[in-house]
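Novice: Here you go, this is final-v6.pdb (PDB, C-alpha atoms).
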```
MODEL        1
ATOM      1  CA  MET P   1       0.000   0.000   0.000
ATOM      2  CA  GLY P   2       1.158   3.526  -0.722
ATOM      3  CA  LYS P   3       1.734   6.294   1.769
ATOM      4  CA  ILE P   4      -1.347   7.143   3.808
ATOM      5  CA  THR P   5      -2.137  10.836   4.135
ATOM      6  CA  GLY P   6      -4.441  12.699   6.489
ATOM      7  CA  GLU P   7      -5.032  12.776  10.211
ATOM      8  CA  GLY P   8      -8.368  10.998  10.516
ATOM      9  CA  THR P   9     -10.338  14.187  11.136
ATOM     10  CA  GLN P  10     -13.127  15.618   8.994
ATOM     11  CA  ALA P  11     -10.903  18.568   8.090
ATOM     12  CA  LYS P  12      -7.947  16.272   7.266
ATOM     13  CA  PRO P  13      -9.398  12.813   6.548
ATOM     14  CA  TRP P  14      -7.329   9.729   5.844
ATOM     15  CA  GLU P  15      -6.980   9.238   2.097
ATOM     16  CA  LEU P  16      -7.217   5.477   1.626
ATOM     17  CA  GLU P  17      -7.473   2.805  -1.054
ATOM     18  CA  THR P  18      -9.654  -0.276  -0.992
ATOM     19  CA  PRO P  19      -7.630  -3.483  -0.480
ATOM     20  CA  PRO P  20      -7.642  -4.417  -4.191
ATOM     21  CA  GLY P  21      -6.583  -0.847  -5.020
ATOM     22  CA  THR P  22      -9.566  -0.255  -7.301
ATOM     23  CA  SER P  23     -11.009   2.785  -5.482
ATOM     24  CA  THR P  24      -9.943   5.598  -3.213
ATOM     25  CA  TYR P  25     -11.985   6.969  -0.333
ATOM     26  CA  GLN P  26     -11.735   9.147   2.742
ATOM     27  CA  ALA P  27     -12.296   8.190   6.371
ATOM     28  CA  TRP P  28     -12.353  10.082   9.643
ATOM     29  CA  ARG P  29     -13.418   9.811  13.267
ATOM     30  CA  ASP P  30     -16.623  11.537  14.382
ATOM     31  CA  GLU P  31     -16.293  11.224  18.135
ATOM     32  CA  ALA P  32     -19.209  13.620  18.732
ATOM     33  CA  GLY P  33     -21.632  11.387  16.808
ATOM     34  CA  SER P  34     -24.266   9.324  18.553
ATOM     35  CA  PRO P  35     -22.844   6.737  18.641
ATOM     36  CA  PRO P  36     -19.282   7.884  17.935
ATOM     37  CA  THR P  37     -18.587   6.814  14.365
ATOM     38  CA  LEU P  38     -15.966   6.069  11.783
ATOM     39  CA  VAL P  39     -17.174   7.975   8.716
ATOM     40  CA  VAL P  40     -16.303   6.596   5.287
ATOM     41  CA  GLN P  41     -16.855   8.841   2.267
ATOM     42  CA  VAL P  42     -16.897   6.957  -1.039
ATOM     43  CA  GLY P  43     -17.732   9.418  -3.792
ATOM     44  CA  LYS P  44     -21.106  10.873  -2.792
ATOM     45  CA  THR P  45     -21.957   7.911  -0.538
ATOM     46  CA  GLN P  46     -21.274   8.184   3.185
ATOM     47  CA  LEU P  47     -21.140   5.086   5.356
ATOM     48  CA  ARG P  48     -20.866   5.156   9.135
ATOM     49  CA  TYR P  49     -19.572   2.423  11.404
ATOM     50  CA  HIS P  50     -19.318   2.341  15.187
ATOM     51  CA  LEU P  51     -15.986   3.997  16.001
ATOM     52  CA  ARG P  52     -15.231   1.200  18.439
ATOM     53  CA  ALA P  53     -14.940  -1.097  15.396
ATOM     54  CA  ILE P  54     -11.271  -0.107  15.150
ATOM     55  CA  GLU P  55     -10.359  -1.427  18.608
ATOM     56  CA  ASP P  56     -12.858  -4.298  18.516
ATOM     57  CA  LEU P  57     -11.641  -5.591  15.145
ATOM     58  CA  HIS P  58      -8.013  -5.357  16.257
ATOM     59  CA  ALA P  59      -8.804  -7.305  19.443
ATOM     60  CA  MET P  60     -10.706  -9.988  17.505
ATOM     61  CA  LEU P  61      -7.865 -10.382  14.995
ATOM     62  CA  LYS P  62      -5.311 -10.703  17.809
ATOM     63  CA  LYS P  63      -7.428 -13.431  19.387
ATOM     64  CA  HIS P  64      -7.899 -15.117  15.988
ATOM     65  CA  GLY P  65      -4.102 -15.155  15.662
ATOM     66  CA  ASP P  66      -3.857 -15.683  11.904
ATOM     67  CA  TRP P  67      -4.883 -14.254   8.551
ATOM     68  CA  MET P  68      -8.633 -13.765   8.028
ATOM     69  CA  LEU P  69     -10.423 -13.224   4.721
ATOM     70  CA  LEU P  70     -12.076  -9.806   4.372
ATOM     71  CA  GLY P  71     -15.207 -11.048   2.566
ATOM     72  CA  SER P  72     -16.716  -7.657   1.735
ATOM     73  CA  ALA P  73     -20.428  -7.705   0.821
ATOM     74  CA  ASP P  74     -23.296  -5.238   0.484
ATOM     75  CA  GLU P  75     -25.818  -5.220   3.327
ATOM     76  CA  GLN P  76     -28.429  -6.991   1.216
ATOM     77  CA  LYS P  77     -26.101  -9.923   0.480
ATOM     78  CA  PRO P  78     -25.001 -12.584   2.957
ATOM     79  CA  ALA P  79     -21.419 -12.461   4.183
ATOM     80  CA  ALA P  80     -19.232 -15.540   3.803
ATOM     81  CA  GLU P  81     -18.697 -17.343   7.102
ATOM     82  CA  GLY P  82     -15.412 -16.801   8.886
ATOM     83  CA  THR P  83     -14.708 -13.442   7.248
ATOM     84  CA  VAL P  84     -14.165  -9.953   8.657
ATOM     85  CA  GLU P  85     -17.455  -8.941   6.993
ATOM     86  CA  ALA P  86     -19.360 -11.755   8.746
ATOM     87  CA  TRP P  87     -17.851 -10.785  12.097
ATOM     88  CA  GLY P  88     -18.905  -7.153  11.487
ATOM     89  CA  ARG P  89     -22.538  -8.349  11.362
ATOM     90  CA  ALA P  90     -22.497 -11.195  13.897
ATOM     91  CA  ASP P  91     -24.806 -11.377  16.889
ATOM     92  CA  ASP P  92     -21.866 -12.396  19.080
ATOM     93  CA  ASN P  93     -19.511  -9.489  18.257
ATOM     94  CA  PRO P  94     -19.073  -6.738  20.884
ATOM     95  CA  VAL P  95     -21.953  -4.591  19.522
ATOM     96  CA  LYS P  96     -24.233  -7.653  19.134
ATOM     97  CA  GLY P  97     -24.845  -7.138  15.416
ATOM     98  CA  TRP P  98     -24.062  -4.649  12.692
ATOM     99  CA  TYR P  99     -21.144  -2.239  13.114
ATOM    100  CA  GLY P 100     -22.692  -0.178  10.314
ATOM    101  CA  VAL P 101     -25.102   2.325  11.867
ATOM    102  CA  LYS P 102     -27.317   3.379   8.938
ATOM    103  CA  LYS P 103     -29.773   0.779   7.640
ATOM    104  CA  GLY P 104     -29.247   0.244   3.935
ATOM    105  CA  LEU P 105     -25.583   1.286   4.205
ATOM    106  CA  ARG P 106     -24.320  -1.128   6.867
ATOM    107  CA  GLY P 107     -22.364  -3.499   4.625
ATOM    108  CA  ARG P 108     -18.904  -3.339   3.071
ATOM    109  CA  PHE P 109     -17.304  -3.423   6.536
ATOM    110  CA  GLY P 110     -14.654  -5.799   5.146
ATOM    111  CA  MET P 111     -13.798  -3.358   2.350
ATOM    112  CA  TYR P 112     -13.540  -0.024   4.152
ATOM    113  CA  VAL P 113     -12.546  -0.692   7.787
ATOM    114  CA  PRO P 114      -9.412  -2.866   7.274
ATOM    115  CA  PRO P 115      -7.426  -0.099   5.501
ATOM    116  CA  VAL P 116      -8.109   2.156   8.506
ATOM    117  CA  LEU P 117      -6.488  -0.398  10.813
ATOM    118  CA  GLU P 118      -3.604  -0.652   8.372
ATOM    119  CA  ALA P 119      -3.191   3.152   8.344
ATOM    120  CA  LEU P 120      -3.083   3.121  12.152
ATOM    121  CA  GLY P 121      -0.425   0.392  12.175
ATOM    122  CA  LEU P 122      -2.791  -2.101  13.831
ATOM    123  CA  ALA P 123      -3.073  -4.603  10.970
ATOM    124  CA  GLU P 124      -1.488  -5.902   7.829
ATOM    125  CA  VAL P 125      -3.838  -6.058   4.829
ATOM    126  CA  GLU P 126      -3.224  -7.864   1.555
ATOM    127  CA  HIS P 127      -3.693  -5.922  -1.689
ATOM    128  CA  ASN P 128      -4.487  -8.526  -4.326
ATOM    129  CA  PRO P 129      -7.200  -8.238  -7.015
ATOM    130  CA  LYS P 130      -9.432 -10.686  -5.025
ATOM    131  CA  ASN P 131      -9.673 -12.687  -1.800
ATOM    132  CA  ASN P 132      -7.693 -10.307   0.405
ATOM    133  CA  ARG P 133      -6.943 -11.082   4.013
ATOM    134  CA  MET P 134      -5.800  -9.217   7.090
ATOM    135  CA  ARG P 135      -4.097  -9.986  10.370
ATOM    136  CA  ALA P 136      -3.415  -8.046  13.540
ATOM    137  CA  LEU P 137      -0.132  -6.351  14.282
ATOM    138  CA  PRO P 138       0.866  -5.532  17.858
ATOM    139  CA  LYS P 139      -0.128  -2.054  19.032
ATOM    140  CA  LYS P 140       2.682   0.456  18.763
TER     141      LYS P 140
ENDMDL
END
```
Here is the file; what I need is its structure written in the form of structure tokens.
Specialist:
Amino acid sequence: MGKITGEGTQAKPWELETPPGTSTYQAWRDEAGSPPTLVVQVGKTQLRYHLRAIEDLHAMLKKHGDWMLLGSADEQKPAAEGTVEAWGRADDNPVKGWYGVKKGLRGRFGMYVPPVLEALGLAEVEHNPKNNRMRALPKK
């Protein structure tokens, strides 16, 4: 992955690429949101995920201890079992369901959240055309 720019604020968002490198997008923390959110701006579309997804996903990956497929899918499509996307929707994750906070735009967790963890130095993400994986790195 190339150099990450930005500070993760709305004024200076992270400038990121999807894992396959096919699209760019911006992301930032909105700690004043209810709940606090990770905002992802993809063109004119804005997705919002619980901000705690960053720490929760890192903790889950550390516990998992190995590479995990991303498995990105739209909200209306099922997520493949054992993927980051499936975990981001699971009833037994820390938020007891979807990390996405806006119905209709809750999917694609496995596409947009992993590069944020990579930018923060919390995870390693593969950047292949398909079937990308990620794994936790120790906190710095």
Novice: For Asp30 (chain P), which residue out of P:Gly43, P:Gly8, P:Gly100, P:Pro138 is the nearest one, using only C-alpha atoms?
Specialist: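 Selected residue with least distance to Asp30 (chain P): P:Gly8.
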Novice: Hey, can I get the axis-aligned box for region 15-24 of chain P? All listed atoms, 5 Å padding on each side, centre and edge lengths in Å to one decimal, as lines of an AutoDock Vina configuration file.
Specialist:
```
center_x = -8.8
center_y = 2.4
center_z = -2.6
size_x = 14.4
size_y = 23.7
size_z = 19.4
```
Novice: Step by step, work through what the PyMOL selection byres ((chain P and resi 21) around 12) selects in the shown file, and finish by giving those residues as a PDB file with C-alpha atoms, keeping the file's coordinate frame.
Specialist:
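result24.pdb written:
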```pdb
ATOM      1  CA  MET P   1       0.000   0.000   0.000  1.00  0.00           C
ATOM      2  CA  GLY P   2       1.158   3.526  -0.722  1.00  0.00           C
ATOM      3  CA  LEU P  16      -7.217   5.477   1.626  1.00  0.00           C
ATOM      4  CA  GLU P  17      -7.473   2.805  -1.054  1.00  0.00           C
ATOM      5  CA  THR P  18      -9.654  -0.276  -0.992  1.00  0.00           C
ATOM      6  CA  PRO P  19      -7.630  -3.483  -0.480  1.00  0.00           C
ATOM      7  CA  PRO P  20      -7.642  -4.417  -4.191  1.00  0.00           C
ATOM      8  CA  THR P  22      -9.566  -0.255  -7.301  1.00  0.00           C
ATOM      9  CA  SER P  23     -11.009   2.785  -5.482  1.00  0.00           C
ATOM     10  CA  THR P  24      -9.943   5.598  -3.213  1.00  0.00           C
ATOM     11  CA  TYR P  25     -11.985   6.969  -0.333  1.00  0.00           C
ATOM     12  CA  MET P 111     -13.798  -3.358   2.350  1.00  0.00           C
ATOM     13  CA  TYR P 112     -13.540  -0.024   4.152  1.00  0.00           C
ATOM     14  CA  PRO P 115      -7.426  -0.099   5.501  1.00  0.00           C
ATOM     15  CA  VAL P 125      -3.838  -6.058   4.829  1.00  0.00           C
ATOM     16  CA  GLU P 126      -3.224  -7.864   1.555  1.00  0.00           C
ATOM     17  CA  HIS P 127      -3.693  -5.922  -1.689  1.00  0.00           C
ATOM     18  CA  ASN P 128      -4.487  -8.526  -4.326  1.00  0.00           C
ATOM     19  CA  PRO P 129      -7.200  -8.238  -7.015  1.00  0.00           C
ATOM     20  CA  LYS P 130      -9.432 -10.686  -5.025  1.00  0.00           C
ATOM     21  CA  ASN P 132      -7.693 -10.307   0.405  1.00  0.00           C
TER      22      ASN P 132
END
```
Novice: Grab the CA of Gly65 (chain P) to CA of Thr37 (chain P) distance for me, in Å with one decimal place.
Specialist: 26.3 Å
Novice: Take CA of Asn131 (chain P) and CA of Gly107 (chain P) and report the distance between them in Å, one decimal.
Specialist: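 Atom-to-atom, CA of Asn131 (chain P) and CA of Gly107 (chain P) are spaced 16.9 Å apart.
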Novice: I need the residue set behind the PyMOL selection byres ((chain P and resi 101) around 6) for this file; please write it as a ChimeraX atom specification.
Specialist: /P:48-49,100,102
Novice: Just to confirm, what's the straight-line distance from CA of Ala119 (chain P) to CA of Val42 (chain P) in Å (one decimal)?
Specialist: 17.0 Å
Novice: Let me know the residues the PyMOL selection byres ((chain P and resi 14) around 10) catches in the file above, as a short mmCIF file (atom, residue, chain, number, x, y, z; two decimals) with C-alpha atoms, in the frame of the given file.
Specialist:
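New file out_10.cif:
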```
data_model
loop_
_atom_site.label_atom_id
_atom_site.label_comp_id
_atom_site.auth_asym_id
_atom_site.auth_seq_id
_atom_site.Cartn_x
_atom_site.Cartn_y
_atom_site.Cartn_z
CA ILE P 4 -1.35 7.14 3.81
CA THR P 5 -2.14 10.84 4.14
CA GLY P 6 -4.44 12.70 6.49
CA GLU P 7 -5.03 12.78 10.21
CA GLY P 8 -8.37 11.00 10.52
CA THR P 9 -10.34 14.19 11.14
CA GLN P 10 -13.13 15.62 8.99
CA ALA P 11 -10.90 18.57 8.09
CA LYS P 12 -7.95 16.27 7.27
CA PRO P 13 -9.40 12.81 6.55
CA GLU P 15 -6.98 9.24 2.10
CA LEU P 16 -7.22 5.48 1.63
CA GLU P 17 -7.47 2.80 -1.05
CA TYR P 25 -11.98 6.97 -0.33
CA GLN P 26 -11.74 9.15 2.74
CA ALA P 27 -12.30 8.19 6.37
CA TRP P 28 -12.35 10.08 9.64
CA ARG P 29 -13.42 9.81 13.27
CA VAL P 40 -16.30 6.60 5.29
CA PRO P 115 -7.43 -0.10 5.50
CA VAL P 116 -8.11 2.16 8.51
CA ALA P 119 -3.19 3.15 8.34
#
```
Novice: Here is a test: counting all atoms listed in the file, which residue of P:His58, P:Asp74, P:Ala79, P:Val39 is nearest to Gly121 (chain P)?
Specialist: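 Using all atoms listed in the file, the shortest distance to Gly121 (chain P) belongs to P:His58.
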Novice: Could you pull region 29-50 of chain P out of the structure I just pasted and write it to a file containing N, CA and C atoms, as a CSV table (one decimal), in the first residue's frame?
Specialist:
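Contents of selection_13.csv, freshly written:
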```csv
chain,number,residue,atom,x,y,z
P,29,ARG,N,-12.7,10.1,12.0
P,29,ARG,CA,-13.4,9.8,13.3
P,29,ARG,C,-14.4,10.9,13.5
P,30,ASP,N,-15.6,10.6,13.9
P,30,ASP,CA,-16.6,11.5,14.4
P,30,ASP,C,-17.0,11.1,15.8
P,31,GLU,N,-16.1,11.6,16.7
P,31,GLU,CA,-16.3,11.2,18.1
P,31,GLU,C,-17.5,11.9,18.8
P,32,ALA,N,-18.0,12.9,18.2
P,32,ALA,CA,-19.2,13.6,18.7
P,32,ALA,C,-20.5,13.0,18.3
P,33,GLY,N,-20.4,12.0,17.3
P,33,GLY,CA,-21.6,11.4,16.8
P,33,GLY,C,-22.3,10.5,17.9
P,34,SER,N,-23.5,10.2,17.6
P,34,SER,CA,-24.3,9.3,18.6
P,34,SER,C,-24.8,8.1,17.8
P,35,PRO,N,-24.1,7.0,17.9
P,35,PRO,CA,-22.8,6.7,18.6
P,35,PRO,C,-21.6,7.4,17.9
P,36,PRO,N,-20.5,7.4,18.6
P,36,PRO,CA,-19.3,7.9,17.9
P,36,PRO,C,-19.0,7.0,16.7
P,37,THR,N,-18.7,7.6,15.6
P,37,THR,CA,-18.6,6.8,14.4
P,37,THR,C,-17.3,7.0,13.6
P,38,LEU,N,-17.0,6.0,12.8
P,38,LEU,CA,-16.0,6.1,11.8
P,38,LEU,C,-16.7,6.4,10.5
P,39,VAL,N,-16.5,7.5,9.9
P,39,VAL,CA,-17.2,8.0,8.7
P,39,VAL,C,-16.3,7.6,7.5
P,40,VAL,N,-17.0,7.0,6.5
P,40,VAL,CA,-16.3,6.6,5.3
P,40,VAL,C,-17.0,7.3,4.1
P,41,GLN,N,-16.3,8.1,3.4
P,41,GLN,CA,-16.9,8.8,2.3
P,41,GLN,C,-16.3,8.2,1.0
P,42,VAL,N,-17.2,7.6,0.2
P,42,VAL,CA,-16.9,7.0,-1.0
P,42,VAL,C,-17.7,7.7,-2.1
P,43,GLY,N,-17.0,8.6,-2.8
P,43,GLY,CA,-17.7,9.4,-3.8
P,43,GLY,C,-18.8,10.2,-3.1
P,44,LYS,N,-20.0,10.1,-3.5
P,44,LYS,CA,-21.1,10.9,-2.8
P,44,LYS,C,-21.8,10.1,-1.7
P,45,THR,N,-21.4,8.8,-1.5
P,45,THR,CA,-22.0,7.9,-0.5
P,45,THR,C,-21.2,8.0,0.8
P,46,GLN,N,-21.9,8.1,1.9
P,46,GLN,CA,-21.3,8.2,3.2
P,46,GLN,C,-21.8,7.0,4.0
P,47,LEU,N,-20.8,6.2,4.5
P,47,LEU,CA,-21.1,5.1,5.4
P,47,LEU,C,-20.6,5.4,6.7
P,48,ARG,N,-21.3,4.9,7.8
P,48,ARG,CA,-20.9,5.2,9.1
P,48,ARG,C,-20.8,3.8,9.9
P,49,TYR,N,-19.7,3.6,10.6
P,49,TYR,CA,-19.6,2.4,11.4
P,49,TYR,C,-19.3,2.9,12.8
P,50,HIS,N,-19.7,2.0,13.8
P,50,HIS,CA,-19.3,2.3,15.2
P,50,HIS,C,-17.8,2.6,15.3
```
